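Colleague: Provided herewith is a single structure, encoded as structure tokens, for subsequent inquiry.
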Amino acid sequence: MGGRHDVGQMSQESLRRLFMVLSPRSLPYARLAFESLYRNCKDQFLLYLITDSQEDVTRLRSELQSFDSQGGCAGRTLVVYGEEELVDLEHSKFGQLEHIRNFRHGHPCWRKVTDPILLSDDSDEMIVLDPDLYFPNRFRFEPTPNTGVFLMWQLPSCLLPASVVETAIEARVALAHHTDIGVAQWRQPVDLEWLNWLIGKLGSSQLPRSMHVESIVWAALAMRMGGGYLDPARWLCWHRSQYKRILIKLGVPGPSILEKESFGGIKCFHAGGEAKWWLADAYRLGILDRDEDATRSSLPLRFEELSLSEYGRIQRQRRWLEKLGYYRILG
């Protein structure tokens, strides 16, 4: 598991280019993402893991060495980078782009936007994966568009914090609604001047260090670049509905809640929030795997812009629920 140019004899052009920002602390559930990806993905791929310290690099290389040595894994290559290993590339590609550099050194999740760009050249594919995914069926990734971005679709909205959303609205930045960033597919070249402008407008070094800020950047990129939502019937997101909140409050075990999800025929399940901590038990109970054929490509859905009136309605509803004690009781 070496560097970018140490990927064996196979041509990189024949590999799907996957990226994941990963801390060793996420391994209890991320191992399931790796195991299901290696077991069920019918694409050949090069997987870049991006982590923080050199100690993290060493641990990830040790913990995940088995994936490179598993039988039947021809055409899969795994490489690991620490943040400091990409410093020269940062200076080269982002040297004059102060706001992007500030963003890269903010919350670790924000590097899902920046670091695949550092490791990619013109026309290179970038498929960005969260570590809390599960692939229950045989599948292939969708063809990555030549222009635009594909994102997952979810209810209701993960555009937070409100202060940053409102800053974007005041700057007349269009945002896509219902975006989920469990999976993102796009290509170089990226308009770095515009991305730098966007991050500057949102607050640059003054942005709150919240992982959700990343979703606002993706939502803005979606409306700027075009593309669409990955088919939600194939790319399924965990939705913490009111019904599920009540089940959690009543003490219903997480795997029993996951058992109600529709895993048949899907390519990917994004186990956001507390659901990621239920995956291991659900896997042991045989709840997740379907072993169906989900290799056929599906068409994306058009992005829906978050309107000012819809955002106002969402915020009023949240304030009303907060006053009623809904979040205090059900989380």
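If you're wondering about the labels, chains in the structure tokens are A, B, ... by order shown, residues count from 1 in each chain, ligands from 1 in order shown.
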Do you know which residues are at most 10 Å from region 49-54 of chain A counting only C-alpha atoms, after dropping those on the same chain fewer than 4 positions away, and could you put them as a PDB file with N, CA, C and O atoms, in the first residue's frame?
Modeller:
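Saved result, selection.pdb, follows:
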```
ATOM      1  N   LEU A  18     -11.492   5.650  -6.341  1.00  0.00           N
ATOM      2  CA  LEU A  18     -12.290   5.834  -5.136  1.00  0.00           C
ATOM      3  C   LEU A  18     -11.461   6.541  -4.073  1.00  0.00           C
ATOM      4  O   LEU A  18     -10.257   6.308  -3.943  1.00  0.00           O
ATOM      5  N   PHE A  19     -12.141   7.379  -3.272  1.00  0.00           N
ATOM      6  CA  PHE A  19     -11.475   8.136  -2.208  1.00  0.00           C
ATOM      7  C   PHE A  19     -12.295   8.037  -0.925  1.00  0.00           C
ATOM      8  O   PHE A  19     -13.527   8.120  -0.975  1.00  0.00           O
ATOM      9  N   MET A  20     -11.604   7.902   0.195  1.00  0.00           N
ATOM     10  CA  MET A  20     -12.288   7.891   1.486  1.00  0.00           C
ATOM     11  C   MET A  20     -11.409   8.595   2.519  1.00  0.00           C
ATOM     12  O   MET A  20     -10.222   8.265   2.662  1.00  0.00           O
ATOM     13  N   VAL A  21     -11.975   9.567   3.216  1.00  0.00           N
ATOM     14  CA  VAL A  21     -11.302  10.182   4.359  1.00  0.00           C
ATOM     15  C   VAL A  21     -11.631   9.321   5.572  1.00  0.00           C
ATOM     16  O   VAL A  21     -12.805   9.100   5.892  1.00  0.00           O
ATOM     17  N   LEU A  22     -10.591   8.811   6.232  1.00  0.00           N
ATOM     18  CA  LEU A  22     -10.808   7.785   7.253  1.00  0.00           C
ATOM     19  C   LEU A  22      -9.884   7.977   8.447  1.00  0.00           C
ATOM     20  O   LEU A  22      -8.669   8.108   8.292  1.00  0.00           O
ATOM     21  N   SER A  23     -10.465   7.974   9.634  1.00  0.00           N
ATOM     22  CA  SER A  23      -9.712   7.920  10.885  1.00  0.00           C
ATOM     23  C   SER A  23      -9.738   6.478  11.403  1.00  0.00           C
ATOM     24  O   SER A  23     -10.757   5.785  11.255  1.00  0.00           O
ATOM     25  N   PRO A  24      -8.667   6.010  12.022  1.00  0.00           N
ATOM     26  CA  PRO A  24      -8.702   4.669  12.609  1.00  0.00           C
ATOM     27  C   PRO A  24      -9.830   4.491  13.619  1.00  0.00           C
ATOM     28  O   PRO A  24     -10.296   3.369  13.843  1.00  0.00           O
ATOM     29  N   THR A  58       0.180   4.525   9.550  1.00  0.00           N
ATOM     30  CA  THR A  58       0.770   3.231   9.905  1.00  0.00           C
ATOM     31  C   THR A  58      -0.287   2.262  10.402  1.00  0.00           C
ATOM     32  O   THR A  58      -0.304   1.083  10.012  1.00  0.00           O
ATOM     33  N   ARG A  59      -1.197   2.758  11.233  1.00  0.00           N
ATOM     34  CA  ARG A  59      -2.233   1.870  11.776  1.00  0.00           C
ATOM     35  C   ARG A  59      -3.173   1.383  10.678  1.00  0.00           C
ATOM     36  O   ARG A  59      -3.516   0.203  10.628  1.00  0.00           O
ATOM     37  N   LEU A  60      -3.590   2.286   9.797  1.00  0.00           N
ATOM     38  CA  LEU A  60      -4.503   1.881   8.734  1.00  0.00           C
ATOM     39  C   LEU A  60      -3.835   0.882   7.794  1.00  0.00           C
ATOM     40  O   LEU A  60      -4.462  -0.103   7.379  1.00  0.00           O
ATOM     41  N   ARG A  61      -2.578   1.105   7.471  1.00  0.00           N
ATOM     42  CA  ARG A  61      -1.867   0.169   6.600  1.00  0.00           C
ATOM     43  C   ARG A  61      -1.796  -1.210   7.243  1.00  0.00           C
ATOM     44  O   ARG A  61      -1.966  -2.236   6.575  1.00  0.00           O
ATOM     45  N   LEU A  78      -5.075  -0.518  -2.907  1.00  0.00           N
ATOM     46  CA  LEU A  78      -5.360   0.337  -1.763  1.00  0.00           C
ATOM     47  C   LEU A  78      -4.112   1.127  -1.402  1.00  0.00           C
ATOM     48  O   LEU A  78      -3.033   0.546  -1.228  1.00  0.00           O
ATOM     49  N   VAL A  79      -4.233   2.468  -1.335  1.00  0.00           N
ATOM     50  CA  VAL A  79      -3.111   3.315  -0.931  1.00  0.00           C
ATOM     51  C   VAL A  79      -3.576   4.243   0.189  1.00  0.00           C
ATOM     52  O   VAL A  79      -4.756   4.594   0.261  1.00  0.00           O
ATOM     53  N   VAL A  80      -2.650   4.614   1.069  1.00  0.00           N
ATOM     54  CA  VAL A  80      -2.984   5.425   2.241  1.00  0.00           C
ATOM     55  C   VAL A  80      -2.101   6.666   2.273  1.00  0.00           C
ATOM     56  O   VAL A  80      -0.876   6.573   2.088  1.00  0.00           O
ATOM     57  N   TYR A  81      -2.704   7.824   2.524  1.00  0.00           N
ATOM     58  CA  TYR A  81      -1.994   9.089   2.644  1.00  0.00           C
ATOM     59  C   TYR A  81      -2.339   9.769   3.967  1.00  0.00           C
ATOM     60  O   TYR A  81      -3.510   9.798   4.367  1.00  0.00           O
ATOM     61  N   GLY A  82      -1.330  10.347   4.592  1.00  0.00           N
ATOM     62  CA  GLY A  82      -1.549  11.248   5.711  1.00  0.00           C
ATOM     63  C   GLY A  82      -1.631  12.677   5.210  1.00  0.00           C
ATOM     64  O   GLY A  82      -1.245  12.991   4.076  1.00  0.00           O
ATOM     65  N   GLU A  83      -2.124  13.557   6.077  1.00  0.00           N
ATOM     66  CA  GLU A  83      -2.312  14.948   5.665  1.00  0.00           C
ATOM     67  C   GLU A  83      -1.004  15.585   5.219  1.00  0.00           C
ATOM     68  O   GLU A  83      -0.953  16.296   4.215  1.00  0.00           O
ATOM     69  N   GLU A  84       0.071  15.330   5.968  1.00  0.00           N
ATOM     70  CA  GLU A  84       1.345  15.991   5.654  1.00  0.00           C
ATOM     71  C   GLU A  84       1.953  15.491   4.353  1.00  0.00           C
ATOM     72  O   GLU A  84       2.730  16.208   3.721  1.00  0.00           O
ATOM     73  N   GLU A  85       1.627  14.262   3.941  1.00  0.00           N
ATOM     74  CA  GLU A  85       2.167  13.733   2.693  1.00  0.00           C
ATOM     75  C   GLU A  85       1.656  14.486   1.472  1.00  0.00           C
ATOM     76  O   GLU A  85       2.221  14.371   0.383  1.00  0.00           O
ATOM     77  N   LEU A  86       0.581  15.244   1.658  1.00  0.00           N
ATOM     78  CA  LEU A  86      -0.020  15.971   0.547  1.00  0.00           C
ATOM     79  C   LEU A  86       0.322  17.460   0.563  1.00  0.00           C
ATOM     80  O   LEU A  86      -0.227  18.229  -0.221  1.00  0.00           O
ATOM     81  N   PRO A 108     -11.833  17.653   9.570  1.00  0.00           N
ATOM     82  CA  PRO A 108     -11.291  16.587   8.710  1.00  0.00           C
ATOM     83  C   PRO A 108     -12.238  16.158   7.591  1.00  0.00           C
ATOM     84  O   PRO A 108     -11.779  15.817   6.484  1.00  0.00           O
ATOM     85  N   ARG A 111     -12.003  17.580   3.988  1.00  0.00           N
ATOM     86  CA  ARG A 111     -10.984  17.121   3.054  1.00  0.00           C
ATOM     87  C   ARG A 111     -11.556  16.144   2.028  1.00  0.00           C
ATOM     88  O   ARG A 111     -10.890  15.799   1.050  1.00  0.00           O
ATOM     89  N   LYS A 112     -12.805  15.715   2.200  1.00  0.00           N
ATOM     90  CA  LYS A 112     -13.481  14.938   1.157  1.00  0.00           C
ATOM     91  C   LYS A 112     -13.659  15.770  -0.108  1.00  0.00           C
ATOM     92  O   LYS A 112     -13.743  15.218  -1.213  1.00  0.00           O
ATOM     93  N   ASP A 115      -9.060  16.957  -0.971  1.00  0.00           N
ATOM     94  CA  ASP A 115      -7.921  16.067  -1.187  1.00  0.00           C
ATOM     95  C   ASP A 115      -8.028  15.178  -2.420  1.00  0.00           C
ATOM     96  O   ASP A 115      -7.000  14.885  -3.049  1.00  0.00           O
ATOM     97  N   PRO A 116      -9.227  14.717  -2.818  1.00  0.00           N
ATOM     98  CA  PRO A 116      -9.283  14.033  -4.117  1.00  0.00           C
ATOM     99  C   PRO A 116      -8.808  14.917  -5.263  1.00  0.00           C
ATOM    100  O   PRO A 116      -8.212  14.418  -6.228  1.00  0.00           O
ATOM    101  N   LEU A 129     -16.272   8.405  -1.055  1.00  0.00           N
ATOM    102  CA  LEU A 129     -17.086   7.519  -0.238  1.00  0.00           C
ATOM    103  C   LEU A 129     -16.951   7.864   1.238  1.00  0.00           C
ATOM    104  O   LEU A 129     -15.843   8.123   1.728  1.00  0.00           O
TER     105      LEU A 129
END
```
Colleague: Using only C-alpha atoms, what does the table of region 72-147 of chain A residues within 9 Å of region 178-188 of chain A look like, with each row giving the shortest atom pair and its distance in Å to one decimal, sorted by chain and ascending number, as a Markdown table?
Modeller:
```
| residue | atom | partner | partner_atom | distance |
| --- | --- | --- | --- | --- |
| A:Ile117 | CA | A:Gln188 | CA | 7.2 |
| A:Ser120 | CA | A:Gln188 | CA | 6.9 |
| A:Asp121 | CA | A:Gln188 | CA | 6.3 |
| A:Asp122 | CA | A:Gln188 | CA | 4.9 |
| A:Ser123 | CA | A:Gln188 | CA | 4.7 |
| A:Asp124 | CA | A:Gln188 | CA | 5.5 |
| A:Glu125 | CA | A:Arg187 | CA | 4.6 |
| A:Met126 | CA | A:Trp186 | CA | 5.4 |
| A:Ile127 | CA | A:Gln185 | CA | 4.5 |
| A:Val128 | CA | A:Ala184 | CA | 5.0 |
| A:Leu129 | CA | A:Val183 | CA | 4.8 |
| A:Asp130 | CA | A:Gly182 | CA | 5.0 |
| A:Pro131 | CA | A:Gly182 | CA | 8.3 |
| A:Asp132 | CA | A:Gly182 | CA | 7.8 |
| A:Leu133 | CA | A:Gly182 | CA | 7.2 |
| A:Glu142 | CA | A:Gln185 | CA | 8.6 |
| A:Pro143 | CA | A:Gln185 | CA | 8.7 |
| A:Thr144 | CA | A:Gln185 | CA | 5.8 |
| A:Pro145 | CA | A:Trp186 | CA | 6.6 |
| A:Asn146 | CA | A:Arg187 | CA | 6.5 |
| A:Thr147 | CA | A:Arg187 | CA | 6.8 |
```
Colleague: Could you write out that same residue set with C-alpha atoms as a short mmCIF file (atom, residue, chain, number, x, y, z; two decimals), in the first residue's frame?
Modeller:
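Once everything was written out, this is part-v8.cif:
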```cif
data_model
loop_
_atom_site.label_atom_id
_atom_site.label_comp_id
_atom_site.auth_asym_id
_atom_site.auth_seq_id
_atom_site.Cartn_x
_atom_site.Cartn_y
_atom_site.Cartn_z
CA ILE A 117 -8.55 17.16 -6.20
CA SER A 120 -6.26 13.91 -9.47
CA ASP A 121 -5.33 15.39 -12.83
CA ASP A 122 -7.45 16.67 -15.72
CA SER A 123 -10.38 14.36 -16.58
CA ASP A 124 -9.59 12.01 -13.68
CA GLU A 125 -12.60 10.45 -12.01
CA MET A 126 -13.20 11.10 -8.30
CA ILE A 127 -15.68 8.83 -6.47
CA VAL A 128 -15.80 9.99 -2.84
CA LEU A 129 -17.09 7.52 -0.24
CA ASP A 130 -18.02 7.88 3.42
CA PRO A 131 -16.77 5.12 5.76
CA ASP A 132 -20.33 4.39 7.01
CA LEU A 133 -21.52 2.76 3.78
CA GLU A 142 -22.57 4.55 -11.98
CA PRO A 143 -20.61 6.03 -14.90
CA THR A 144 -19.14 9.29 -13.62
CA PRO A 145 -20.29 12.25 -15.77
CA ASN A 146 -17.77 14.18 -17.81
CA THR A 147 -19.16 17.37 -16.27
#
```
Colleague: Give me the residues of region 73-108 of chain A that have any atom at most 12 Å from an atom of region 195-199 of chain A; for each, the nearest atom pair and the distance in Å, rounded to one decimal. Use only C-alpha atoms, sort by chain and number, and format it as CSV.
Modeller:
```
residue,atom,partner,partner_atom,distance
A:Lys93,CA,A:Asn196,CA,11.9
A:Phe94,CA,A:Asn196,CA,9.2
A:Gly95,CA,A:Asn196,CA,11.3
A:Gln96,CA,A:Asn196,CA,9.6
A:Leu97,CA,A:Asn196,CA,6.0
A:Glu98,CA,A:Asn196,CA,7.3
A:His99,CA,A:Asn196,CA,5.4
A:Ile100,CA,A:Asn196,CA,5.3
A:Arg101,CA,A:Asn196,CA,8.8
A:Asn102,CA,A:Ile199,CA,8.9
A:Phe103,CA,A:Ile199,CA,7.3
A:Arg104,CA,A:Ile199,CA,10.6
A:Gly106,CA,A:Ile199,CA,11.6
```
Colleague: Give me a file of those residues, with N, CA and C atoms, as an mmCIF file, in the first residue's frame.
Modeller:
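Done, and the output landed in selection-v3.cif:
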```
data_model
loop_
_atom_site.group_PDB
_atom_site.id
_atom_site.type_symbol
_atom_site.label_atom_id
_atom_site.label_comp_id
_atom_site.auth_asym_id
_atom_site.auth_seq_id
_atom_site.Cartn_x
_atom_site.Cartn_y
_atom_site.Cartn_z
ATOM 1 N N LYS A 93 -1.145 23.034 -6.075
ATOM 2 C CA LYS A 93 -2.475 23.219 -6.666
ATOM 3 C C LYS A 93 -3.285 24.328 -5.997
ATOM 4 N N PHE A 94 -3.074 24.524 -4.683
ATOM 5 C CA PHE A 94 -3.884 25.504 -3.947
ATOM 6 C C PHE A 94 -3.057 26.684 -3.459
ATOM 7 N N GLY A 95 -1.836 26.824 -3.947
ATOM 8 C CA GLY A 95 -0.903 27.801 -3.389
ATOM 9 C C GLY A 95 -1.445 29.212 -3.278
ATOM 10 N N GLN A 96 -2.166 29.700 -4.301
ATOM 11 C CA GLN A 96 -2.688 31.059 -4.292
ATOM 12 C C GLN A 96 -4.153 31.124 -3.856
ATOM 13 N N LEU A 97 -4.696 29.993 -3.451
ATOM 14 C CA LEU A 97 -6.129 29.896 -3.126
ATOM 15 C C LEU A 97 -6.287 29.779 -1.610
ATOM 16 N N GLU A 98 -6.201 30.916 -0.961
ATOM 17 C CA GLU A 98 -6.148 30.964 0.502
ATOM 18 C C GLU A 98 -7.357 30.292 1.149
ATOM 19 N N HIS A 99 -8.545 30.541 0.619
ATOM 20 C CA HIS A 99 -9.755 30.033 1.272
ATOM 21 C C HIS A 99 -9.855 28.514 1.158
ATOM 22 N N ILE A 100 -9.434 27.955 0.028
ATOM 23 C CA ILE A 100 -9.430 26.485 -0.093
ATOM 24 C C ILE A 100 -8.421 25.893 0.880
ATOM 25 N N ARG A 101 -7.268 26.528 1.035
ATOM 26 C CA ARG A 101 -6.271 26.026 1.987
ATOM 27 C C ARG A 101 -6.801 26.088 3.417
ATOM 28 N N ASN A 102 -7.490 27.189 3.753
ATOM 29 C CA ASN A 102 -8.106 27.269 5.082
ATOM 30 C C ASN A 102 -9.122 26.151 5.279
ATOM 31 N N PHE A 103 -9.908 25.905 4.252
ATOM 32 C CA PHE A 103 -10.941 24.871 4.316
ATOM 33 C C PHE A 103 -10.307 23.496 4.509
ATOM 34 N N ARG A 104 -9.255 23.224 3.811
ATOM 35 C CA ARG A 104 -8.598 21.919 3.924
ATOM 36 C C ARG A 104 -8.102 21.653 5.335
ATOM 37 N N GLY A 106 -9.554 22.757 8.069
ATOM 38 C CA GLY A 106 -10.654 22.888 9.023
ATOM 39 C C GLY A 106 -11.058 21.523 9.541
#
```
Colleague: So, counting only C-alpha atoms, which residue among A:Gly148, A:Pro300, A:Gly75, A:Gly331 is closest to Met223 (chain A)?
Modeller: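 Counting only C-alpha atoms, the residue closest to Met223 (chain A) is A:Gly148.
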Colleague: Can you tell me which residues surround Glu261 (chain A) at a distance of at most 10 Å, considering only C-alpha atoms, apart from same-chain residues fewer than 2 positions away, and format the answer as a list in words?
Modeller: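 The neighbour list is Leu236, Cys237, Trp238, His239, Ser256, Ile257, Leu258, Glu259, Phe263, Gly264, Phe269, Ile287 and Leu288 of chain A.
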Colleague: Hey, what does DSSP flag as strand (DSSP E or B) within region 28-195 of chain A? Can you give it to me as an mmCIF file with C-alpha atoms, in the first residue's frame?
Modeller:
```
data_model
loop_
_atom_site.group_PDB
_atom_site.id
_atom_site.type_symbol
_atom_site.label_atom_id
_atom_site.label_comp_id
_atom_site.auth_asym_id
_atom_site.auth_seq_id
_atom_site.Cartn_x
_atom_site.Cartn_y
_atom_site.Cartn_z
ATOM 1 C CA CYS A 41 -18.072 -4.420 -6.279
ATOM 2 C CA PHE A 45 -10.683 0.075 -8.456
ATOM 3 C CA LEU A 46 -7.918 2.097 -6.893
ATOM 4 C CA LEU A 47 -8.951 3.174 -3.384
ATOM 5 C CA TYR A 48 -7.202 6.165 -1.824
ATOM 6 C CA LEU A 49 -7.526 6.384 1.965
ATOM 7 C CA ILE A 50 -6.834 9.855 3.353
ATOM 8 C CA ARG A 76 -8.114 -3.716 -6.491
ATOM 9 C CA THR A 77 -5.389 -1.469 -5.106
ATOM 10 C CA LEU A 78 -5.360 0.337 -1.763
ATOM 11 C CA VAL A 79 -3.111 3.315 -0.931
ATOM 12 C CA VAL A 80 -2.984 5.425 2.241
ATOM 13 C CA TYR A 81 -1.994 9.089 2.644
ATOM 14 C CA GLU A 125 -12.602 10.447 -12.013
ATOM 15 C CA MET A 126 -13.199 11.096 -8.298
ATOM 16 C CA ILE A 127 -15.678 8.833 -6.465
ATOM 17 C CA VAL A 128 -15.799 9.991 -2.841
ATOM 18 C CA LEU A 129 -17.086 7.519 -0.238
ATOM 19 C CA LEU A 133 -21.520 2.760 3.783
ATOM 20 C CA TYR A 134 -22.595 -0.814 3.159
ATOM 21 C CA ARG A 138 -23.303 -7.238 -6.397
ATOM 22 C CA PHE A 139 -22.957 -3.809 -8.010
ATOM 23 C CA VAL A 149 -21.498 15.965 -9.920
ATOM 24 C CA PHE A 150 -23.611 13.061 -8.646
ATOM 25 C CA LEU A 151 -24.705 13.085 -4.990
ATOM 26 C CA MET A 152 -26.990 10.875 -2.945
ATOM 27 C CA TRP A 153 -30.541 12.017 -2.137
ATOM 28 C CA ALA A 176 -29.309 21.914 -3.981
ATOM 29 C CA THR A 179 -28.329 16.280 -0.819
ATOM 30 C CA ASP A 180 -26.486 13.536 1.034
ATOM 31 C CA ILE A 181 -22.740 13.240 0.839
ATOM 32 C CA GLY A 182 -22.340 9.502 1.515
ATOM 33 C CA VAL A 183 -21.224 9.142 -2.121
ATOM 34 C CA ALA A 184 -20.141 11.852 -4.565
ATOM 35 C CA GLN A 185 -18.983 11.327 -8.158
ATOM 36 C CA TRP A 186 -17.267 14.010 -10.219
ATOM 37 C CA ARG A 187 -14.215 14.699 -12.370
#
```
Colleague: Quote the spacing between CA of Arg209 (chain A) and CA of Ser163 (chain A) in Å to one decimal place.
Modeller: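 Calculated distance between CA of Arg209 (chain A) and CA of Ser163 (chain A) is 12.5 Å.
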Colleague: Which residue out of A:His270, A:Ser262, A:Val113, A:Tyr283 has the minimum interatomic distance to Ala219 (chain A) when only C-alpha atoms are used?
Modeller: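 Under the stated criterion, the closest residue is A:Val113.
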Colleague: Got a sec: who's within 8 Å of Pro161 (chain A), counting only C-alpha atoms, leaving out chain neighbours fewer than 2 positions off, as a list in words?
Modeller: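 Listing them by chain and then by number gives Leu159, Ser163, Val164, Val165, Ser210, His212 and Val213 of chain A.
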Colleague: Check the smallest atom-to-atom distance from each of A:Arg290, A:Arg16, A:Arg284, A:Arg240 to Ala271 (chain A) using only C-alpha atoms, then report the winner.
Modeller: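 Using only C-alpha atoms, Ala271 (chain A) sits closest to A:Arg240.
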Colleague: For Arg328 (chain A), which residue out of A:Lys276, A:Arg316, A:Arg302, A:Lys249 is the nearest one, using only C-alpha atoms?
Modeller: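 Looking only at the distances to Arg328 (chain A), the closest residue turns out to be A:Lys249.
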Colleague: Could you check which of A:Ala275, A:Leu306, A:Leu15, A:Leu202 is closest to Ala168 (chain A), using only C-alpha atoms?
Modeller: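 Under the stated criterion, the closest residue is A:Leu202.
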Colleague: Would you mind listing what lies within 12 Å of Ile314 (chain A) as a ChimeraX atom specification, with only C-alpha atoms counted and same-chain residues fewer than 6 positions away left out?
Modeller: /A:155-160,162,177,306-308,320-321
Colleague: Can I get the selected residues back with all heavy atoms, as a compact mmCIF listing (two decimals), in the first residue's frame?
Modeller:
```txt
# COMPACT_ATOMS: atom_id res chain seq x y z
N LEU A 155 -33.88 12.64 2.72
CA LEU A 155 -34.82 13.49 3.45
C LEU A 155 -34.32 13.65 4.88
O LEU A 155 -33.67 12.74 5.42
CB LEU A 155 -36.21 12.84 3.47
CG LEU A 155 -37.03 12.88 2.17
CD1 LEU A 155 -38.30 12.04 2.34
CD2 LEU A 155 -37.39 14.31 1.79
N PRO A 156 -34.64 14.78 5.55
CA PRO A 156 -35.27 15.97 4.96
C PRO A 156 -34.23 16.92 4.35
O PRO A 156 -34.33 17.32 3.23
CB PRO A 156 -35.97 16.61 6.14
CG PRO A 156 -35.14 16.20 7.33
CD PRO A 156 -34.56 14.84 7.01
N SER A 157 -33.18 17.27 5.15
CA SER A 157 -32.12 18.14 4.66
C SER A 157 -30.97 18.10 5.66
O SER A 157 -31.19 18.10 6.87
CB SER A 157 -32.60 19.59 4.52
OG SER A 157 -31.52 20.46 4.23
N CYS A 158 -29.74 18.02 5.14
CA CYS A 158 -28.58 18.04 6.04
C CYS A 158 -27.79 19.32 5.86
O CYS A 158 -26.60 19.37 6.17
CB CYS A 158 -27.69 16.82 5.81
SG CYS A 158 -26.88 16.76 4.21
N LEU A 159 -28.43 20.37 5.37
CA LEU A 159 -27.75 21.65 5.19
C LEU A 159 -27.71 22.39 6.53
O LEU A 159 -28.64 23.06 6.93
CB LEU A 159 -28.46 22.49 4.12
CG LEU A 159 -28.43 21.88 2.71
CD1 LEU A 159 -29.12 22.80 1.72
CD2 LEU A 159 -27.00 21.59 2.26
N LEU A 160 -26.60 22.22 7.21
CA LEU A 160 -26.36 22.81 8.53
C LEU A 160 -24.90 23.25 8.58
O LEU A 160 -24.07 22.75 7.82
CB LEU A 160 -26.62 21.77 9.63
CG LEU A 160 -28.06 21.25 9.76
CD1 LEU A 160 -28.08 20.00 10.64
CD2 LEU A 160 -28.96 22.33 10.34
N ALA A 162 -27.28 26.47 10.34
CA ALA A 162 -28.17 27.46 9.73
C ALA A 162 -27.44 28.76 9.40
O ALA A 162 -27.71 29.39 8.37
CB ALA A 162 -29.36 27.74 10.65
N HIS A 177 -31.20 21.04 -2.75
CA HIS A 177 -31.94 20.52 -1.61
C HIS A 177 -31.76 19.00 -1.53
O HIS A 177 -31.45 18.34 -2.52
CB HIS A 177 -33.41 20.87 -1.79
CG HIS A 177 -34.23 20.85 -0.53
ND1 HIS A 177 -33.68 20.69 0.72
CD2 HIS A 177 -35.57 20.96 -0.34
CE1 HIS A 177 -34.64 20.73 1.63
NE2 HIS A 177 -35.79 20.88 1.01
N LEU A 306 -32.88 24.45 -3.35
CA LEU A 306 -33.51 24.86 -2.10
C LEU A 306 -33.98 26.30 -2.25
O LEU A 306 -33.17 27.22 -2.37
CB LEU A 306 -32.51 24.75 -0.94
CG LEU A 306 -32.99 25.25 0.42
CD1 LEU A 306 -34.15 24.41 0.94
CD2 LEU A 306 -31.84 25.26 1.43
N SER A 307 -35.29 26.50 -2.24
CA SER A 307 -35.84 27.85 -2.39
C SER A 307 -35.82 28.57 -1.05
O SER A 307 -35.78 27.95 0.02
CB SER A 307 -37.27 27.79 -2.92
OG SER A 307 -38.14 27.22 -1.95
N LEU A 308 -35.85 29.88 -1.12
CA LEU A 308 -35.87 30.69 0.10
C LEU A 308 -37.12 30.39 0.92
O LEU A 308 -37.05 30.28 2.16
CB LEU A 308 -35.82 32.17 -0.27
CG LEU A 308 -35.73 33.17 0.89
CD1 LEU A 308 -34.50 32.89 1.75
CD2 LEU A 308 -35.71 34.60 0.37
N TRP A 320 -40.30 25.58 15.97
CA TRP A 320 -41.54 25.15 16.62
C TRP A 320 -41.34 23.84 17.37
O TRP A 320 -41.76 23.69 18.53
CB TRP A 320 -42.63 25.00 15.55
CG TRP A 320 -43.96 24.58 16.07
CD1 TRP A 320 -44.83 25.31 16.82
CD2 TRP A 320 -44.60 23.31 15.86
NE1 TRP A 320 -45.96 24.59 17.10
CE2 TRP A 320 -45.85 23.36 16.52
CE3 TRP A 320 -44.24 22.16 15.17
CZ2 TRP A 320 -46.73 22.28 16.52
CZ3 TRP A 320 -45.12 21.09 15.16
CH2 TRP A 320 -46.35 21.16 15.83
N LEU A 321 -40.65 22.88 16.76
CA LEU A 321 -40.39 21.59 17.41
C LEU A 321 -39.49 21.76 18.62
O LEU A 321 -39.66 21.08 19.64
CB LEU A 321 -39.76 20.62 16.41
CG LEU A 321 -40.68 20.10 15.29
CD1 LEU A 321 -39.89 19.30 14.28
CD2 LEU A 321 -41.82 19.26 15.86
```
Colleague: Name all residues at most 9 Å from Arg140 (chain A) (count only C-alpha atoms; drop same-chain ones fewer than 4 positions away) and give them as a PyMOL selection string.
Modeller: chain A and resi 40-43+267+294-297
Colleague: Run DSSP on the backbone and give me the residues of region 106-276 of chain A it puts in alpha helix (DSSP H), as an MDAnalysis selection string.
Modeller: chainID A and resid 111:118 162:170 192:202 213:225 242:249 254:258
Colleague: In terms of the shortest atom-to-atom distance over only C-alpha atoms, which of A:Ala282, A:His107, A:Lys260, A:Pro208 is closest to Leu247 (chain A)?
Modeller: A:Lys260
